[in-house]
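Down below is the structure, laid out as structure tokens.
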Amino acid sequence: MITPFTFSANTGFLCPELPFLDRIRAAARDGFDAVEFHDEGQRCDPSELLDTLTESGLPVACLNVNMGPSAGCAAIPGKQDRARREIDAAIELADAIDAAAIHVLAGKTDAPKARDTFIENLRHALSATSRVILIEPLCSLKMPGYWLNSLVEAATLCDQIAHPQLQILFDCFHVQTEHGDVAAHISKHASRIGHVQIASVPARAEPGSSGDVLDWPPLLQTFRSNGYQGHFGCEYVADLHGNNA
């Protein structure tokens with residue numbers, strides 16, 4: 001049986017004019033099925049966050065490690081201690097609020113040892129939790145200098161580390177912008193996809209908005225028919241009432 005489509009509100013993008021906890025409440029009012037965070041949760045009182053989530057009735061699909069000016073640091077040589085502290089802090093928060101997955105960001109670097117450093121820190125994360133660990137290729141257009149922009153590289157890392165908890169955060173906007181033909185990539189990498197995010201291309205607005213090159217009903221169905229049963233993360237530039245910012 002195909003699971004119905006369910007959607008999580010990305011609080012890093014939606015309703016930025018509201019305080020973080022109010023974004024969660026807005027997501028509940030607007031009928032979302034879950035929420036997902038960038039690194040807002042690490043700057044919030046954990047008990048207040050848990051109370052708000054309990055009040056909203058929404059599960060947490062995923063959260064990021066601390067991002068900072070380098071968009072994470074897990075692939076940056078010389079920052080291993082910081083990377084592991086931030087991974088451990090994200091895991092602690094995920095445990096407190098029962099987040100399903102943790103996104104470990106590579107960071108901006110072109111250092112020769114970046115790949116080895118990233119692998120070491122991912123292995124640390126995988127040894128420290130039973131939750132899903134996500135890696136996300138980010139397109140060069142929106143995140144120049146970010147170490148991981150290739151979906152093929154993300155898949156290669158998953159295959160090399162060969163741990164069932166390590167999966168790809170498949171952001172349709174980033175994949176389409178960097179590689180094109182997003183539907184073909186879904187089919188090719190279906191077994192490695194742990195979470196999906198959606199946005200129009202090229203505007204990164206609400207899916208189906210003016211100028212969108214992606215045909216969303218069959219695209220979402222492609223995820224389901226290839227075995228993805230999770231939420232679709234709404235990470236686009238709009239508020240929770242559908243008004244593009």
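To be explicit about the labels: the chains of the structure tokens are called A, B, and onward in the order shown, and within each one the residues are counted from 1, while ligands get numbers from 1 in the order they are shown.
Using only C-alpha atoms, the contacts of Val35 of chain A at a cut-off of 9 Å, with sequence neighbours closer than 2 positions omitted, comprise Phe7, Ser8, Ala9, Asn10, Thr11, Ile24, Ala27, Ala28, Phe32, Asp33, Phe37, Leu58, Pro59, Val60, Ala61, Cys62 and Gly233 of chain A.
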Hey, what's within 9 Å of Cys44 of chain A if we count only C-alpha atoms and toss same-chain stuff fewer than 5 positions away? As a list in words, please?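 Selected residues are Phe20, Leu21 and Leu49 of chain A.
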From a DSSP calculation on the backbone, collect every residue of segment 18-208 of chain A in strand (DSSP E or B) and output the set as a PDB file with all heavy atoms, in the first residue's frame.
ATOM      1  N   ALA A  34       4.263  17.360  10.509  1.00  0.00           N
ATOM      2  CA  ALA A  34       5.507  17.300  11.283  1.00  0.00           C
ATOM      3  C   ALA A  34       6.224  18.629  11.133  1.00  0.00           C
ATOM      4  O   ALA A  34       5.798  19.511  10.369  1.00  0.00           O
ATOM      5  CB  ALA A  34       6.396  16.162  10.785  1.00  0.00           C
ATOM      6  N   VAL A  35       7.312  18.782  11.867  1.00  0.00           N
ATOM      7  CA  VAL A  35       8.200  19.932  11.701  1.00  0.00           C
ATOM      8  C   VAL A  35       9.622  19.421  11.537  1.00  0.00           C
ATOM      9  O   VAL A  35       9.933  18.267  11.871  1.00  0.00           O
ATOM     10  CB  VAL A  35       8.142  20.916  12.887  1.00  0.00           C
ATOM     11  CG1 VAL A  35       6.842  21.694  12.898  1.00  0.00           C
ATOM     12  CG2 VAL A  35       8.361  20.183  14.211  1.00  0.00           C
ATOM     13  N   GLU A  36      10.479  20.269  10.990  1.00  0.00           N
ATOM     14  CA  GLU A  36      11.904  19.984  10.906  1.00  0.00           C
ATOM     15  C   GLU A  36      12.641  21.292  11.102  1.00  0.00           C
ATOM     16  O   GLU A  36      12.129  22.362  10.775  1.00  0.00           O
ATOM     17  CB  GLU A  36      12.264  19.347   9.566  1.00  0.00           C
ATOM     18  CG  GLU A  36      11.888  20.178   8.358  1.00  0.00           C
ATOM     19  CD  GLU A  36      12.070  19.409   7.055  1.00  0.00           C
ATOM     20  OE1 GLU A  36      11.401  18.375   6.868  1.00  0.00           O
ATOM     21  OE2 GLU A  36      12.883  19.869   6.236  1.00  0.00           O
ATOM     22  N   VAL A  60       9.080  15.581  15.154  1.00  0.00           N
ATOM     23  CA  VAL A  60      10.211  16.257  14.504  1.00  0.00           C
ATOM     24  C   VAL A  60      10.847  15.287  13.515  1.00  0.00           C
ATOM     25  O   VAL A  60      11.376  14.240  13.900  1.00  0.00           O
ATOM     26  CB  VAL A  60      11.248  16.735  15.532  1.00  0.00           C
ATOM     27  CG1 VAL A  60      12.414  17.426  14.836  1.00  0.00           C
ATOM     28  CG2 VAL A  60      10.596  17.675  16.544  1.00  0.00           C
ATOM     29  N   LEU A  63      16.621  17.420  12.321  1.00  0.00           N
ATOM     30  CA  LEU A  63      17.225  18.687  12.730  1.00  0.00           C
ATOM     31  C   LEU A  63      18.680  18.692  12.295  1.00  0.00           C
ATOM     32  O   LEU A  63      19.288  17.641  12.080  1.00  0.00           O
ATOM     33  CB  LEU A  63      17.087  18.907  14.240  1.00  0.00           C
ATOM     34  CG  LEU A  63      17.634  17.833  15.195  1.00  0.00           C
ATOM     35  CD1 LEU A  63      19.122  18.030  15.458  1.00  0.00           C
ATOM     36  CD2 LEU A  63      16.867  17.853  16.516  1.00  0.00           C
ATOM     37  N   ASN A  64      19.221  19.894  12.155  1.00  0.00           N
ATOM     38  CA  ASN A  64      20.615  20.064  11.743  1.00  0.00           C
ATOM     39  C   ASN A  64      21.533  20.179  12.953  1.00  0.00           C
ATOM     40  O   ASN A  64      21.126  20.660  14.017  1.00  0.00           O
ATOM     41  CB  ASN A  64      20.789  21.352  10.929  1.00  0.00           C
ATOM     42  CG  ASN A  64      20.176  21.281   9.552  1.00  0.00           C
ATOM     43  OD1 ASN A  64      19.644  20.253   9.131  1.00  0.00           O
ATOM     44  ND2 ASN A  64      20.233  22.395   8.832  1.00  0.00           N
ATOM     45  N   GLY A  72      28.189  24.331   8.937  1.00  0.00           N
ATOM     46  CA  GLY A  72      28.717  23.116   9.531  1.00  0.00           C
ATOM     47  C   GLY A  72      30.227  23.059   9.403  1.00  0.00           C
ATOM     48  O   GLY A  72      30.860  23.928   8.802  1.00  0.00           O
ATOM     49  N   ALA A 101      15.808  12.122  12.803  1.00  0.00           N
ATOM     50  CA  ALA A 101      17.080  12.123  12.081  1.00  0.00           C
ATOM     51  C   ALA A 101      17.872  13.384  12.387  1.00  0.00           C
ATOM     52  O   ALA A 101      17.308  14.415  12.778  1.00  0.00           O
ATOM     53  CB  ALA A 101      16.839  12.011  10.580  1.00  0.00           C
ATOM     54  N   ILE A 102      19.183  13.290  12.188  1.00  0.00           N
ATOM     55  CA  ILE A 102      20.109  14.395  12.432  1.00  0.00           C
ATOM     56  C   ILE A 102      20.930  14.613  11.172  1.00  0.00           C
ATOM     57  O   ILE A 102      21.564  13.678  10.665  1.00  0.00           O
ATOM     58  CB  ILE A 102      21.045  14.070  13.609  1.00  0.00           C
ATOM     59  CG1 ILE A 102      20.225  13.851  14.892  1.00  0.00           C
ATOM     60  CG2 ILE A 102      22.086  15.171  13.808  1.00  0.00           C
ATOM     61  CD1 ILE A 102      20.826  12.842  15.825  1.00  0.00           C
ATOM     62  N   HIS A 103      20.909  15.844  10.675  1.00  0.00           N
ATOM     63  CA  HIS A 103      21.666  16.199   9.474  1.00  0.00           C
ATOM     64  C   HIS A 103      23.020  16.751   9.886  1.00  0.00           C
ATOM     65  O   HIS A 103      23.105  17.794  10.542  1.00  0.00           O
ATOM     66  CB  HIS A 103      20.869  17.236   8.673  1.00  0.00           C
ATOM     67  CG  HIS A 103      21.614  17.801   7.513  1.00  0.00           C
ATOM     68  ND1 HIS A 103      21.325  19.056   6.982  1.00  0.00           N
ATOM     69  CD2 HIS A 103      22.637  17.329   6.766  1.00  0.00           C
ATOM     70  CE1 HIS A 103      22.131  19.300   5.972  1.00  0.00           C
ATOM     71  NE2 HIS A 103      22.941  18.270   5.816  1.00  0.00           N
ATOM     72  N   ALA A 106      28.624  19.235   6.210  1.00  0.00           N
ATOM     73  CA  ALA A 106      30.047  19.104   5.917  1.00  0.00           C
ATOM     74  C   ALA A 106      30.808  20.391   6.162  1.00  0.00           C
ATOM     75  O   ALA A 106      31.929  20.386   6.697  1.00  0.00           O
ATOM     76  CB  ALA A 106      30.231  18.660   4.465  1.00  0.00           C
ATOM     77  N   LYS A 108      32.047  24.447   4.509  1.00  0.00           N
ATOM     78  CA  LYS A 108      32.700  25.015   3.324  1.00  0.00           C
ATOM     79  C   LYS A 108      34.205  24.823   3.442  1.00  0.00           C
ATOM     80  O   LYS A 108      34.846  25.370   4.338  1.00  0.00           O
ATOM     81  CB  LYS A 108      32.365  26.503   3.199  1.00  0.00           C
ATOM     82  CG  LYS A 108      30.886  26.789   2.987  1.00  0.00           C
ATOM     83  CD  LYS A 108      30.628  28.284   2.888  1.00  0.00           C
ATOM     84  CE  LYS A 108      29.165  28.586   2.675  1.00  0.00           C
ATOM     85  NZ  LYS A 108      28.907  30.040   2.557  1.00  0.00           N
ATOM     86  N   VAL A 132      18.796   8.100  12.617  1.00  0.00           N
ATOM     87  CA  VAL A 132      19.295   8.256  11.256  1.00  0.00           C
ATOM     88  C   VAL A 132      20.224   9.467  11.183  1.00  0.00           C
ATOM     89  O   VAL A 132      19.926  10.536  11.734  1.00  0.00           O
ATOM     90  CB  VAL A 132      18.123   8.429  10.269  1.00  0.00           C
ATOM     91  CG1 VAL A 132      18.621   8.836   8.878  1.00  0.00           C
ATOM     92  CG2 VAL A 132      17.312   7.130  10.182  1.00  0.00           C
ATOM     93  N   ILE A 133      21.346   9.305  10.517  1.00  0.00           N
ATOM     94  CA  ILE A 133      22.270  10.390  10.237  1.00  0.00           C
ATOM     95  C   ILE A 133      22.144  10.731   8.755  1.00  0.00           C
ATOM     96  O   ILE A 133      22.298   9.855   7.888  1.00  0.00           O
ATOM     97  CB  ILE A 133      23.719  10.017  10.581  1.00  0.00           C
ATOM     98  CG1 ILE A 133      23.859   9.732  12.077  1.00  0.00           C
ATOM     99  CG2 ILE A 133      24.680  11.113  10.145  1.00  0.00           C
ATOM    100  CD1 ILE A 133      23.566  10.915  12.995  1.00  0.00           C
ATOM    101  N   LEU A 134      21.882  11.997   8.471  1.00  0.00           N
ATOM    102  CA  LEU A 134      21.668  12.456   7.099  1.00  0.00           C
ATOM    103  C   LEU A 134      22.850  13.276   6.607  1.00  0.00           C
ATOM    104  O   LEU A 134      23.443  14.046   7.369  1.00  0.00           O
ATOM    105  CB  LEU A 134      20.408  13.321   7.023  1.00  0.00           C
ATOM    106  CG  LEU A 134      19.077  12.657   7.378  1.00  0.00           C
ATOM    107  CD1 LEU A 134      17.984  13.710   7.503  1.00  0.00           C
ATOM    108  CD2 LEU A 134      18.694  11.610   6.333  1.00  0.00           C
ATOM    109  N   ILE A 135      23.161  13.123   5.323  1.00  0.00           N
ATOM    110  CA  ILE A 135      24.078  14.027   4.631  1.00  0.00           C
ATOM    111  C   ILE A 135      23.343  14.577   3.415  1.00  0.00           C
ATOM    112  O   ILE A 135      22.588  13.862   2.762  1.00  0.00           O
ATOM    113  CB  ILE A 135      25.394  13.344   4.236  1.00  0.00           C
ATOM    114  CG1 ILE A 135      25.148  12.098   3.365  1.00  0.00           C
ATOM    115  CG2 ILE A 135      26.195  12.986   5.482  1.00  0.00           C
ATOM    116  CD1 ILE A 135      26.431  11.465   2.839  1.00  0.00           C
ATOM    117  N   TYR A 146      30.672  24.890  -0.523  1.00  0.00           N
ATOM    118  CA  TYR A 146      30.283  23.784   0.351  1.00  0.00           C
ATOM    119  C   TYR A 146      30.918  22.503  -0.169  1.00  0.00           C
ATOM    120  O   TYR A 146      30.912  22.234  -1.371  1.00  0.00           O
ATOM    121  CB  TYR A 146      28.758  23.662   0.382  1.00  0.00           C
ATOM    122  CG  TYR A 146      28.240  22.705   1.427  1.00  0.00           C
ATOM    123  CD1 TYR A 146      28.252  23.046   2.777  1.00  0.00           C
ATOM    124  CD2 TYR A 146      27.737  21.457   1.070  1.00  0.00           C
ATOM    125  CE1 TYR A 146      27.779  22.182   3.738  1.00  0.00           C
ATOM    126  CE2 TYR A 146      27.258  20.580   2.029  1.00  0.00           C
ATOM    127  CZ  TYR A 146      27.281  20.939   3.363  1.00  0.00           C
ATOM    128  OH  TYR A 146      26.799  20.066   4.316  1.00  0.00           O
ATOM    129  N   LEU A 166      23.129   5.674   7.949  1.00  0.00           N
ATOM    130  CA  LEU A 166      23.603   6.802   7.151  1.00  0.00           C
ATOM    131  C   LEU A 166      22.817   6.869   5.852  1.00  0.00           C
ATOM    132  O   LEU A 166      22.858   5.949   5.031  1.00  0.00           O
ATOM    133  CB  LEU A 166      25.097   6.657   6.844  1.00  0.00           C
ATOM    134  CG  LEU A 166      25.708   7.803   6.020  1.00  0.00           C
ATOM    135  CD1 LEU A 166      25.625   9.129   6.775  1.00  0.00           C
ATOM    136  CD2 LEU A 166      27.151   7.483   5.650  1.00  0.00           C
ATOM    137  N   GLN A 167      22.087   7.981   5.663  1.00  0.00           N
ATOM    138  CA  GLN A 167      21.218   8.125   4.504  1.00  0.00           C
ATOM    139  C   GLN A 167      21.333   9.538   3.933  1.00  0.00           C
ATOM    140  O   GLN A 167      21.901  10.434   4.555  1.00  0.00           O
ATOM    141  CB  GLN A 167      19.772   7.797   4.897  1.00  0.00           C
ATOM    142  CG  GLN A 167      19.600   6.357   5.382  1.00  0.00           C
ATOM    143  CD  GLN A 167      18.208   6.065   5.897  1.00  0.00           C
ATOM    144  OE1 GLN A 167      17.295   6.881   5.798  1.00  0.00           O
ATOM    145  NE2 GLN A 167      18.035   4.882   6.466  1.00  0.00           N
ATOM    146  N   ILE A 168      20.777   9.706   2.751  1.00  0.00           N
ATOM    147  CA  ILE A 168      20.852  10.992   2.049  1.00  0.00           C
ATOM    148  C   ILE A 168      19.604  11.827   2.324  1.00  0.00           C
ATOM    149  O   ILE A 168      18.483  11.319   2.283  1.00  0.00           O
ATOM    150  CB  ILE A 168      20.998  10.766   0.540  1.00  0.00           C
ATOM    151  CG1 ILE A 168      22.362  10.138   0.227  1.00  0.00           C
ATOM    152  CG2 ILE A 168      20.836  12.071  -0.245  1.00  0.00           C
ATOM    153  CD1 ILE A 168      22.525   9.693  -1.211  1.00  0.00           C
ATOM    154  N   LEU A 169      19.831  13.100   2.616  1.00  0.00           N
ATOM    155  CA  LEU A 169      18.751  14.074   2.621  1.00  0.00           C
ATOM    156  C   LEU A 169      18.645  14.573   1.178  1.00  0.00           C
ATOM    157  O   LEU A 169      19.508  15.304   0.703  1.00  0.00           O
ATOM    158  CB  LEU A 169      19.060  15.220   3.591  1.00  0.00           C
ATOM    159  CG  LEU A 169      17.896  16.111   4.042  1.00  0.00           C
ATOM    160  CD1 LEU A 169      18.332  17.041   5.165  1.00  0.00           C
ATOM    161  CD2 LEU A 169      17.299  16.914   2.909  1.00  0.00           C
ATOM    162  N   PHE A 170      17.578  14.167   0.506  1.00  0.00           N
ATOM    163  CA  PHE A 170      17.394  14.430  -0.921  1.00  0.00           C
ATOM    164  C   PHE A 170      16.535  15.676  -1.073  1.00  0.00           C
ATOM    165  O   PHE A 170      15.309  15.625  -0.940  1.00  0.00           O
ATOM    166  CB  PHE A 170      16.719  13.218  -1.573  1.00  0.00           C
ATOM    167  CG  PHE A 170      16.666  13.242  -3.073  1.00  0.00           C
ATOM    168  CD1 PHE A 170      17.508  12.433  -3.824  1.00  0.00           C
ATOM    169  CD2 PHE A 170      15.757  14.043  -3.748  1.00  0.00           C
ATOM    170  CE1 PHE A 170      17.446  12.429  -5.210  1.00  0.00           C
ATOM    171  CE2 PHE A 170      15.688  14.049  -5.133  1.00  0.00           C
ATOM    172  CZ  PHE A 170      16.537  13.241  -5.865  1.00  0.00           C
ATOM    173  N   ASP A 171      17.193  16.798  -1.305  1.00  0.00           N
ATOM    174  CA  ASP A 171      16.502  18.069  -1.503  1.00  0.00           C
ATOM    175  C   ASP A 171      16.277  18.261  -3.000  1.00  0.00           C
ATOM    176  O   ASP A 171      17.232  18.426  -3.767  1.00  0.00           O
ATOM    177  CB  ASP A 171      17.342  19.205  -0.923  1.00  0.00           C
ATOM    178  CG  ASP A 171      16.632  20.549  -0.968  1.00  0.00           C
ATOM    179  OD1 ASP A 171      16.174  20.933  -2.071  1.00  0.00           O
ATOM    180  OD2 ASP A 171      16.566  21.221   0.062  1.00  0.00           O
ATOM    181  N   ILE A 193      17.836   7.107   0.314  1.00  0.00           N
ATOM    182  CA  ILE A 193      17.134   8.346   0.679  1.00  0.00           C
ATOM    183  C   ILE A 193      16.463   8.202   2.039  1.00  0.00           C
ATOM    184  O   ILE A 193      15.596   7.355   2.232  1.00  0.00           O
ATOM    185  CB  ILE A 193      16.100   8.727  -0.394  1.00  0.00           C
ATOM    186  CG1 ILE A 193      16.805   9.037  -1.724  1.00  0.00           C
ATOM    187  CG2 ILE A 193      15.277   9.944   0.064  1.00  0.00           C
ATOM    188  CD1 ILE A 193      15.867   9.267  -2.886  1.00  0.00           C
ATOM    189  N   GLY A 194      16.882   9.059   2.976  1.00  0.00           N
ATOM    190  CA  GLY A 194      16.320   9.018   4.318  1.00  0.00           C
ATOM    191  C   GLY A 194      15.342  10.129   4.617  1.00  0.00           C
ATOM    192  O   GLY A 194      14.520  10.012   5.531  1.00  0.00           O
ATOM    193  N   HIS A 195      15.420  11.226   3.879  1.00  0.00           N
ATOM    194  CA  HIS A 195      14.479  12.331   4.050  1.00  0.00           C
ATOM    195  C   HIS A 195      14.446  13.114   2.744  1.00  0.00           C
ATOM    196  O   HIS A 195      15.436  13.134   2.000  1.00  0.00           O
ATOM    197  CB  HIS A 195      14.883  13.248   5.207  1.00  0.00           C
ATOM    198  CG  HIS A 195      13.893  14.332   5.511  1.00  0.00           C
ATOM    199  ND1 HIS A 195      12.574  14.074   5.834  1.00  0.00           N
ATOM    200  CD2 HIS A 195      14.012  15.688   5.526  1.00  0.00           C
ATOM    201  CE1 HIS A 195      11.935  15.211   6.031  1.00  0.00           C
ATOM    202  NE2 HIS A 195      12.782  16.208   5.851  1.00  0.00           N
ATOM    203  N   VAL A 196      13.305  13.749   2.469  1.00  0.00           N
ATOM    204  CA  VAL A 196      13.109  14.489   1.224  1.00  0.00           C
ATOM    205  C   VAL A 196      12.666  15.906   1.546  1.00  0.00           C
ATOM    206  O   VAL A 196      11.830  16.118   2.446  1.00  0.00           O
ATOM    207  CB  VAL A 196      12.057  13.797   0.327  1.00  0.00           C
ATOM    208  CG1 VAL A 196      11.741  14.645  -0.902  1.00  0.00           C
ATOM    209  CG2 VAL A 196      12.529  12.405  -0.080  1.00  0.00           C
ATOM    210  N   GLN A 197      13.220  16.880   0.836  1.00  0.00           N
ATOM    211  CA  GLN A 197      12.760  18.262   0.936  1.00  0.00           C
ATOM    212  C   GLN A 197      12.320  18.747  -0.440  1.00  0.00           C
ATOM    213  O   GLN A 197      12.858  18.310  -1.464  1.00  0.00           O
ATOM    214  CB  GLN A 197      13.864  19.159   1.497  1.00  0.00           C
ATOM    215  CG  GLN A 197      14.159  18.852   2.964  1.00  0.00           C
ATOM    216  CD  GLN A 197      15.293  19.656   3.539  1.00  0.00           C
ATOM    217  OE1 GLN A 197      16.189  20.109   2.818  1.00  0.00           O
ATOM    218  NE2 GLN A 197      15.287  19.843   4.849  1.00  0.00           N
ATOM    219  N   ILE A 198      11.341  19.645  -0.449  1.00  0.00           N
ATOM    220  CA  ILE A 198      10.747  20.097  -1.699  1.00  0.00           C
ATOM    221  C   ILE A 198      10.701  21.617  -1.763  1.00  0.00           C
ATOM    222  O   ILE A 198      10.549  22.300  -0.752  1.00  0.00           O
ATOM    223  CB  ILE A 198       9.325  19.511  -1.897  1.00  0.00           C
ATOM    224  CG1 ILE A 198       8.399  19.922  -0.753  1.00  0.00           C
ATOM    225  CG2 ILE A 198       9.386  17.995  -2.010  1.00  0.00           C
ATOM    226  CD1 ILE A 198       6.940  19.478  -0.948  1.00  0.00           C
TER     227      ILE A 198
END
Work out how far apart atom CA of Phe223 of chain A and atom CA of Ser200 of chain A are and give it in Å to one decimal.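 Straight-line distance from atom CA of Phe223 of chain A to atom CA of Ser200 of chain A works out to 16.4 Å.
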Within 10 Å of Cys172 of chain A, counting only C-alpha atoms, which residues qualify if same-chain residues fewer than 6 places away don't, as a CSV table (one decimal) with C-alpha atoms, in the first residue's frame?
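Output file around06.csv follows:
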chain,number,residue,atom,x,y,z
A,178,GLU,CA,22.9,20.9,-9.6
A,180,GLY,CA,18.8,18.1,-13.5
A,181,ASP,CA,16.4,15.2,-14.1
A,182,VAL,CA,15.4,14.9,-10.5
A,183,ALA,CA,13.0,12.0,-11.2
A,185,HIS,CA,17.9,10.5,-9.5
A,186,ILE,CA,15.1,9.4,-7.2
A,196,VAL,CA,13.1,14.5,1.2
A,197,GLN,CA,12.8,18.3,0.9
A,198,ILE,CA,10.7,20.1,-1.7
A,199,ALA,CA,10.7,23.6,-3.3
A,200,SER,CA,10.0,25.0,-6.7
A,201,VAL,CA,12.8,25.4,-9.3
A,204,ARG,CA,12.8,28.0,-4.4
A,214,LEU,CA,9.0,20.4,-11.7
A,219,LEU,CA,7.3,13.4,-8.7
A,235,GLU,CA,11.9,24.0,2.8
Please, which residues of segment 5-221 of chain A, numbered as in this document, come out alpha helix (DSSP H) from DSSP, as a ChimeraX atom specification? /A:20-29,46-56,80-97,114-128,151-161,172-179,182-189,216-221
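Taking only C-alpha atoms into account, Pro77 of chain A lies nearest to A:Ala114 out of the set A:Ala203, A:Ala114, A:Ile91, A:Ala99.
Across A:Ala154, A:Val237, A:Ile76, A:Met67, the tightest approach to Lys113 of chain A is made by A:Ile76 when counting only C-alpha atoms.
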Counting only C-alpha atoms, which of A:Asn121, A:Arg23, A:Gly68, A:Gln80 gets nearest to Ser56 of chain A?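 Distance minimum relative to Ser56 of chain A lands on A:Arg23.
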Name all residues at most 12 Å from His179 of chain A (count only C-alpha atoms; drop same-chain ones fewer than 4 positions away) and give them as a list of chain:residue names.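 The contact residues come out as A:Pro137, A:Leu138, A:Cys139, A:Ser140, A:Leu141, A:Asn149, A:Ser150, A:Leu151, A:Val152, A:Asp171, A:Cys172, A:Phe173, A:His174, A:Val175, A:Ala183, A:Ala184, A:His185, A:Ile186.
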One decimal, Å: what's the distance from atom CA of His189 of chain A over to atom CA of His163 of chain A, could you say? 15.4 Å
Which value, in Å to one decimal, gives the distance between atom CA of Leu148 of chain A and atom CA of Ser210 of chain A?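 Value for the atom CA of Leu148 of chain A-atom CA of Ser210 of chain A distance: 29.4 Å.
When only C-alpha atoms are used to compute distances to Pro164 of chain A, the closest of the residues A:Gly107, A:Ser127, A:Lys188, A:Pro202 turns out to be A:Ser127.
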Among listed residues A:Cys158, A:Ile119, A:Gln221, A:His38, nearest Thr6 of chain A (using only C-alpha atoms):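 That would be A:Gln221, the residue with the smallest distance to Thr6 of chain A.
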With only C-alpha atoms as the atoms that count, which of A:Ala111, A:Arg25, A:Pro207, A:Ala83 lies nearest to Asp51 of chain A?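 Closest to Asp51 of chain A, using only C-alpha atoms: A:Arg25.
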